[in-house]
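Colleague: What follows is the file model.tsv, containing TSV, C-alpha atoms and all ligand atoms:
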```tsv
chain	number	residue	atom	x	y	z
E	1	MET	CA	39.37	75.61	20.55
E	2	PRO	CA	38.47	72.66	18.27
E	3	ALA	CA	39.54	69.27	19.67
E	4	SER	CA	41.57	68.43	16.55
E	5	LEU	CA	43.64	71.60	16.93
E	6	LEU	CA	44.26	70.82	20.59
E	7	GLU	CA	45.31	67.31	19.64
E	8	ARG	CA	47.68	68.60	16.98
E	9	MET	CA	49.22	70.98	19.51
E	10	GLY	CA	49.49	68.03	21.94
E	11	ALA	CA	51.35	66.00	19.32
E	12	VAL	CA	53.80	68.84	18.75
E	13	LEU	CA	54.30	69.43	22.47
E	14	ARG	CA	54.74	65.75	23.32
E	15	PRO	CA	58.39	65.17	24.19
E	16	VAL	CA	60.56	63.01	21.99
E	17	GLY	CA	60.83	59.52	23.46
E	18	LEU	CA	62.07	56.20	22.13
E	19	CYS	CA	60.18	53.77	19.91
E	20	ALA	CA	59.02	50.85	22.08
E	21	LEU	CA	60.39	48.36	19.53
E	22	CYS	CA	63.54	49.77	17.89
E	23	ALA	CA	64.48	52.62	20.27
E	24	MET	CA	64.58	55.22	17.46
E	25	PRO	CA	63.58	58.71	18.69
E	26	THR	CA	59.86	59.37	18.14
E	27	ARG	CA	56.99	61.39	19.61
E	28	GLN	CA	54.66	58.40	19.40
E	29	THR	CA	54.66	54.97	21.08
E	30	LEU	CA	56.24	53.44	17.95
E	31	CYS	CA	58.25	55.20	15.24
E	32	GLU	CA	56.53	55.52	11.84
E	33	PRO	CA	58.40	52.59	10.15
E	34	CYS	CA	57.64	50.21	13.08
E	35	LYS	CA	54.03	51.41	13.20
E	36	ASP	CA	53.60	50.79	9.46
E	37	GLN	CA	55.28	47.40	9.62
E	38	TYR	CA	53.50	45.93	12.65
E	39	LEU	CA	50.30	47.97	13.07
E	40	GLY	CA	49.52	48.93	9.47
E	41	GLY	CA	46.74	46.32	9.11
E	42	ILE	CA	48.64	45.12	6.07
E	43	GLY	CA	47.42	42.35	3.82
E	44	PRO	CA	44.05	40.90	2.89
E	45	ARG	CA	42.09	39.44	5.80
E	46	CYS	CA	38.89	37.50	6.38
E	47	GLY	CA	36.29	40.23	6.89
E	48	HIS	CA	34.54	38.21	9.60
E	49	CYS	CA	37.38	37.17	11.89
E	50	GLY	CA	40.44	39.18	10.76
E	51	LEU	CA	42.68	36.20	9.91
E	52	ALA	CA	45.15	36.84	7.09
E	53	GLN	CA	43.89	35.47	3.75
E	54	PRO	CA	45.56	35.03	0.35
E	55	ALA	CA	43.24	37.57	-1.32
E	56	ASP	CA	40.76	40.33	-0.50
E	57	GLY	CA	37.09	39.52	-0.07
E	58	LEU	CA	37.69	35.90	0.98
E	59	THR	CA	35.95	34.39	3.99
E	60	CYS	CA	38.25	31.96	5.80
E	61	GLY	CA	37.44	28.25	6.12
E	62	ILE	CA	36.72	28.57	9.84
E	63	CYS	CA	34.09	31.29	9.29
E	64	LEU	CA	32.58	29.36	6.37
E	65	ARG	CA	32.11	26.30	8.60
E	66	LEU	CA	30.92	28.24	11.64
E	67	PRO	CA	30.02	31.90	10.98
E	68	PRO	CA	30.83	33.98	14.08
E	69	PRO	CA	28.11	36.10	15.72
E	70	TYR	CA	30.01	39.34	14.95
E	71	ILE	CA	29.75	40.79	11.45
E	72	ARG	CA	33.33	42.02	11.04
E	73	THR	CA	36.75	42.14	12.69
E	74	LEU	CA	39.11	45.05	12.30
E	75	THR	CA	42.72	44.54	13.38
E	76	LEU	CA	45.98	46.47	13.10
E	77	GLY	CA	48.15	43.41	12.49
E	78	ASP	CA	49.23	39.93	13.54
E	79	TYR	CA	50.27	39.14	17.09
E	80	GLY	CA	53.85	37.83	17.25
E	81	VAL	CA	57.48	38.77	17.81
E	82	PRO	CA	58.39	41.62	18.31
E	83	ILE	CA	55.04	43.47	18.58
E	84	ASP	CA	53.95	41.19	21.46
E	85	ARG	CA	56.33	43.28	23.62
E	86	LEU	CA	54.02	46.28	23.21
E	87	ILE	CA	51.04	44.26	24.48
E	88	GLN	CA	53.10	42.96	27.42
E	89	ARG	CA	53.95	46.55	28.34
E	90	LEU	CA	50.30	47.61	27.96
E	91	LYS	CA	49.15	44.87	30.31
E	92	PHE	CA	51.97	44.39	32.78
E	93	SER	CA	54.04	47.60	32.94
E	94	ASN	CA	51.39	50.08	34.06
E	95	GLU	CA	51.28	51.83	30.66
E	96	PRO	CA	47.58	52.51	29.93
E	97	ALA	CA	48.61	55.28	27.49
E	98	ILE	CA	49.65	52.55	25.02
E	99	GLY	CA	46.00	51.42	25.03
E	100	ARG	CA	44.75	54.93	24.28
E	101	TRP	CA	47.22	55.20	21.39
E	102	LEU	CA	46.11	51.81	19.98
E	103	GLY	CA	42.46	52.88	20.26
E	104	LYS	CA	43.25	55.98	18.25
E	105	LEU	CA	45.01	53.93	15.54
E	106	LEU	CA	42.07	51.52	15.37
E	107	ALA	CA	39.66	54.44	14.92
E	108	ALA	CA	41.76	55.76	12.03
E	109	HIS	CA	41.63	52.30	10.38
E	110	TRP	CA	37.89	52.04	11.03
E	111	ARG	CA	37.34	55.38	9.32
E	112	ALA	CA	39.70	54.56	6.44
E	113	ALA	CA	37.81	51.29	5.82
E	114	GLY	CA	34.61	53.31	5.43
E	115	HIS	CA	32.73	51.50	8.20
E	116	PRO	CA	29.71	53.38	9.60
E	117	ARG	CA	30.00	55.20	12.91
E	118	PRO	CA	29.09	52.75	15.71
E	119	GLY	CA	26.34	53.55	18.19
E	120	LEU	CA	28.16	52.11	21.18
E	121	VAL	CA	31.73	50.98	21.96
E	122	LEU	CA	32.30	48.38	24.68
E	123	PRO	CA	35.49	46.87	26.11
E	124	ILE	CA	35.84	43.20	27.02
E	125	PRO	CA	35.71	43.48	30.81
E	126	LEU	CA	38.51	42.20	33.03
E	127	SER	CA	37.85	40.01	36.05
E	128	SER	CA	37.61	42.09	39.22
E	129	ALA	CA	40.74	40.41	40.63
E	130	ARG	CA	42.71	41.29	37.48
E	131	LEU	CA	41.34	44.84	37.44
E	132	GLN	CA	42.35	45.37	41.05
E	133	GLN	CA	45.82	43.98	40.41
E	134	ARG	CA	46.41	46.00	37.20
E	135	GLY	CA	44.58	49.19	38.19
E	136	TYR	CA	43.04	49.64	34.74
E	137	ASN	CA	41.41	47.63	31.97
E	138	GLN	CA	43.57	47.99	28.86
E	139	ALA	CA	40.51	47.29	26.63
E	140	TRP	CA	38.64	50.19	28.28
E	141	GLU	CA	41.58	52.52	27.64
E	142	MET	CA	41.41	51.48	23.97
E	143	ALA	CA	37.60	51.68	23.81
E	144	ARG	CA	37.28	55.19	25.13
E	145	SER	CA	39.92	56.67	22.83
E	146	PHE	CA	38.43	54.71	19.87
E	147	ALA	CA	34.98	56.16	20.71
E	148	ARG	CA	36.32	59.67	21.24
E	149	GLU	CA	37.98	59.65	17.80
E	150	LEU	CA	34.76	58.45	16.14
E	151	ARG	CA	32.63	60.85	18.21
E	152	THR	CA	30.48	58.16	19.73
E	153	THR	CA	29.89	56.66	23.18
E	154	ALA	CA	32.00	54.14	25.09
E	155	ARG	CA	30.60	52.45	28.19
E	156	SER	CA	32.11	50.07	30.70
E	157	ASP	CA	28.84	49.19	32.48
E	158	VAL	CA	26.91	47.45	29.68
E	159	LEU	CA	28.84	44.20	29.31
E	160	MET	CA	29.70	42.67	32.69
E	161	ARG	CA	31.78	39.71	33.73
E	162	VAL	CA	29.54	37.62	35.98
E	163	ARG	CA	31.63	34.50	36.41
E	164	GLU	CA	35.35	34.14	37.04
E	165	MET	CA	37.26	31.74	34.80
E	166	PRO	CA	40.81	30.53	34.37
E	167	PRO	CA	42.66	32.91	31.99
E	168	GLN	CA	42.15	31.86	28.35
E	169	SER	CA	45.90	32.01	27.79
E	170	SER	CA	46.36	29.21	30.37
E	171	LEU	CA	44.19	26.77	28.38
E	172	PRO	CA	44.68	24.78	25.18
E	173	LEU	CA	42.83	26.35	22.22
E	174	ALA	CA	40.24	23.56	22.11
E	175	LEU	CA	38.99	24.27	25.65
E	176	ARG	CA	38.61	28.04	25.32
E	177	THR	CA	35.04	28.14	23.92
E	178	GLN	CA	33.80	26.04	26.82
E	179	ASN	CA	35.77	28.13	29.32
E	180	VAL	CA	34.02	31.43	28.42
E	181	ARG	CA	30.45	30.11	28.34
E	182	GLY	CA	28.27	32.08	30.80
E	183	VAL	CA	31.10	34.45	31.72
E	184	PHE	CA	29.40	37.63	30.44
E	185	ALA	CA	26.02	39.28	30.95
E	186	ALA	CA	24.36	42.47	29.77
E	187	PRO	CA	22.08	42.99	32.76
E	188	TYR	CA	20.35	46.18	31.62
E	189	PRO	CA	18.39	46.41	28.37
E	190	PHE	CA	19.86	48.86	25.89
E	191	LYS	CA	18.66	50.40	22.63
E	192	ALA	CA	19.20	48.30	19.50
E	193	GLN	CA	22.29	49.77	17.90
E	194	ASP	CA	25.52	48.84	16.16
E	195	VAL	CA	28.02	47.88	18.83
E	196	VAL	CA	31.81	47.60	18.55
E	197	LEU	CA	33.56	45.27	20.98
E	198	ILE	CA	37.17	46.15	21.78
E	199	ASP	CA	40.01	43.97	23.02
E	200	ASP	CA	43.80	44.01	22.81
E	201	VAL	CA	44.44	40.58	21.26
E	202	MET	CA	42.08	38.09	19.60
E	203	THR	CA	43.29	34.49	19.54
E	204	THR	CA	40.53	31.92	18.94
E	205	GLY	CA	37.76	34.54	19.03
E	206	SER	CA	35.93	32.54	21.75
E	207	THR	CA	35.83	35.41	24.25
E	208	LEU	CA	34.66	37.97	21.68
E	209	GLY	CA	32.17	35.48	20.21
E	210	GLU	CA	30.63	34.77	23.61
E	211	ALA	CA	30.42	38.50	24.41
E	212	ALA	CA	28.87	39.22	20.98
E	213	SER	CA	26.21	36.54	21.51
E	214	VAL	CA	25.27	38.01	24.89
E	215	LEU	CA	24.97	41.51	23.37
E	216	LEU	CA	22.85	40.28	20.47
E	217	ARG	CA	20.50	38.52	22.90
E	218	ALA	CA	20.32	41.77	24.92
E	219	GLY	CA	19.20	43.75	21.87
E	220	ALA	CA	22.27	44.89	19.91
E	221	ALA	CA	21.43	45.37	16.21
E	222	THR	CA	24.90	44.21	15.08
E	223	VAL	CA	28.22	43.51	16.79
E	224	SER	CA	31.60	44.26	15.20
E	225	VAL	CA	35.01	43.54	16.71
E	226	ALA	CA	38.05	45.83	16.77
E	227	VAL	CA	41.26	44.39	18.22
E	228	ALA	CA	44.81	45.69	18.20
E	229	LEU	CA	46.29	42.36	17.12
E	230	ARG	CA	45.11	39.03	15.74
E	231	THR	CA	46.91	35.79	16.57
E	232	PRO	CA	47.54	33.76	13.41
E	233	PRO	CA	46.42	30.11	13.61
E	234	PRO	CA	49.07	27.64	14.86
E	235	GLY	CA	51.37	26.47	12.11
P	301	ZN	ZN	60.68	51.75	15.74
P	302	ZN	ZN	37.33	34.12	9.21
```
Render the structure in this file as structure tokens.
Ligand SMILES: [Zn+2]
Ligand SMILES: [Zn+2]
Modeller:
Amino acid sequence: MPASLLERMGAVLRPVGLCALCAMPTRQTLCEPCKDQYLGGIGPRCGHCGLAQPADGLTCGICLRLPPPYIRTLTLGDYGVPIDRLIQRLKFSNEPAIGRWLGKLLAAHWRAAGHPRPGLVLPIPLSSARLQQRGYNQAWEMARSFARELRTTARSDVLMRVREMPPQSSLPLALRTQNVRGVFAAPYPFKAQDVVLIDDVMTTGSTLGEAASVLLRAGAATVSVAVALRTPPPG
């Protein structure tokens, strides 16, 4: 039976639950209106880093001053109240299925934007302590469903975390670039191909930028970024 038919049957058979934001009955993680409002990727954004911009096709001032190593950022929306609750549940309430649902949404946006099929999809790895504590890497849950939808390969053994660091969220924005330096490695050579890096939330872009630089040095042809949510700049 074709996968799409199985998936459609799965959607029909999935029991009705409650929207994670407004508690309306729905068969998905969020009801359609909440999904459109908070995860619809609405509004023009900087193509490089995903920050909201006043008009389409603009590169933001930050990327003009210091172009990031990744060529594009795809995001479903801005991180903030109330959608931050979904990310909290994904990370701290043992709900990896939310990650798989977000990966699927990201793939639909990727396809709708007309981006070419990536050669390889990689999650930002968690520290081993965090992975042990949580039991899963939410970025890997997203990456593998994103890859499955786009009929390409996801791997969790290409980009490795080789140094522990204090969590980025515990540091002021200005110290985050320094904090991630030397954290990642791509120990095995891999074929030059277009890579997509996946994470749940992108704040300064330091973590994704560092990972992208490592992958480019290891032979990636290009690196793109796909994140569920993008934190708007302070103020
Ligand atoms: Zn809702
Ligand atoms: Zn930008």
Colleague: May I ask which of the residues E:Pro96, E:Pro172, E:Pro123, E:Pro25 is the closest one to Gly135 (chain E), counting all atoms listed in the file?
Modeller: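 Closest residue, counting all atoms listed in the file: E:Pro96.
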Colleague: List all protein, DNA and RNA residues that have any atom at most 8 Å from ligand ZN 302 (chain P), counting all atoms listed in the file, and write the list as a PyMOL selection string.
Modeller: chain E and resi 45-51+59-64+67
Colleague: Enumerate residues in contact with ligand ZN 301 (chain P): an atom-to-atom distance of at most 9 Å, counting only C-alpha atoms and all ligand atoms. Format the result as a list of chain:residue names.
Modeller: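 With only C-alpha atoms and all ligand atoms and a cut-off of 9 Å, ligand ZN 301 (chain P) is contacted by E:Leu18, E:Cys19, E:Ala20, E:Leu21, E:Cys22, E:Ala23, E:Met24, E:Pro25, E:Thr26, E:Thr29, E:Leu30, E:Cys31, E:Glu32, E:Pro33, E:Cys34, E:Lys35.
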Colleague: When you look at Pro233 (chain E) with a cut-off of 10 Å (counting all atoms listed in the file), what residues show up, excluding the ones that are within fewer than 5 positions of it in the same chain? I need them as a PyMOL selection string.
Modeller: chain E and resi 51-52+203-204
Colleague: Could you give me, as a list in words, the residues within 7 Å of region 224-232 of chain E, counting all atoms listed in the file and dropping anything in the same chain fewer than 5 positions from it?
Modeller: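 Those residues are Gly50, Leu51, Tyr70, Ile71, Arg72, Thr73, Leu74, Thr75, Leu76, Gly77, Asp78, Tyr79, Leu102, Val195, Val196, Leu197, Ile198, Asp199, Asp200, Val201, Met202 and Thr203 of chain E.
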Colleague: Quick one, how far is CA of Arg117 (chain E) from CA of Arg151 (chain E)?
Modeller: 8.2 Å
Colleague: Find the distance between CA of Thr153 (chain E) and CA of Pro118 (chain E) and write it in Å to one decimal.
Modeller: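 If I compute the distance from CA of Thr153 (chain E) to CA of Pro118 (chain E), I get 8.5 Å.
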Colleague: Looking at all atoms listed in the file, which of E:Ser145, E:Gln168, E:Gln88, E:Ser128 is the one that sits closest to Leu208 (chain E)?
Modeller: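 Checking each of E:Ser145, E:Gln168, E:Gln88, E:Ser128 against Leu208 (chain E), counting all atoms listed in the file, the winner is E:Gln168.
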Colleague: Any idea what the distance is between CA of Gln178 (chain E) and CA of Leu66 (chain E)?
Modeller: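 The value is 15.6 Å.
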Colleague: Find, counting all atoms listed in the file, the residue in E:Met160, E:Leu171, E:Ala218, E:Ala139 that gets nearest to Ala97 (chain E).
Modeller: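 Selected residue with least distance to Ala97 (chain E): E:Ala139.
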Colleague: Using only C-alpha atoms, pick whichever of E:Leu122, E:Ile83, E:Leu58, E:Ile98 has the shortest atom-to-atom distance to Ala186 (chain E).
Modeller: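 Using only C-alpha atoms, Ala186 (chain E) sits closest to E:Leu122.
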Colleague: Counting only C-alpha atoms, figure out which residue out of E:Glu149, E:Ala211, E:Ala112, E:Ile42 gets nearest to Ala55 (chain E).
Modeller: E:Ile42
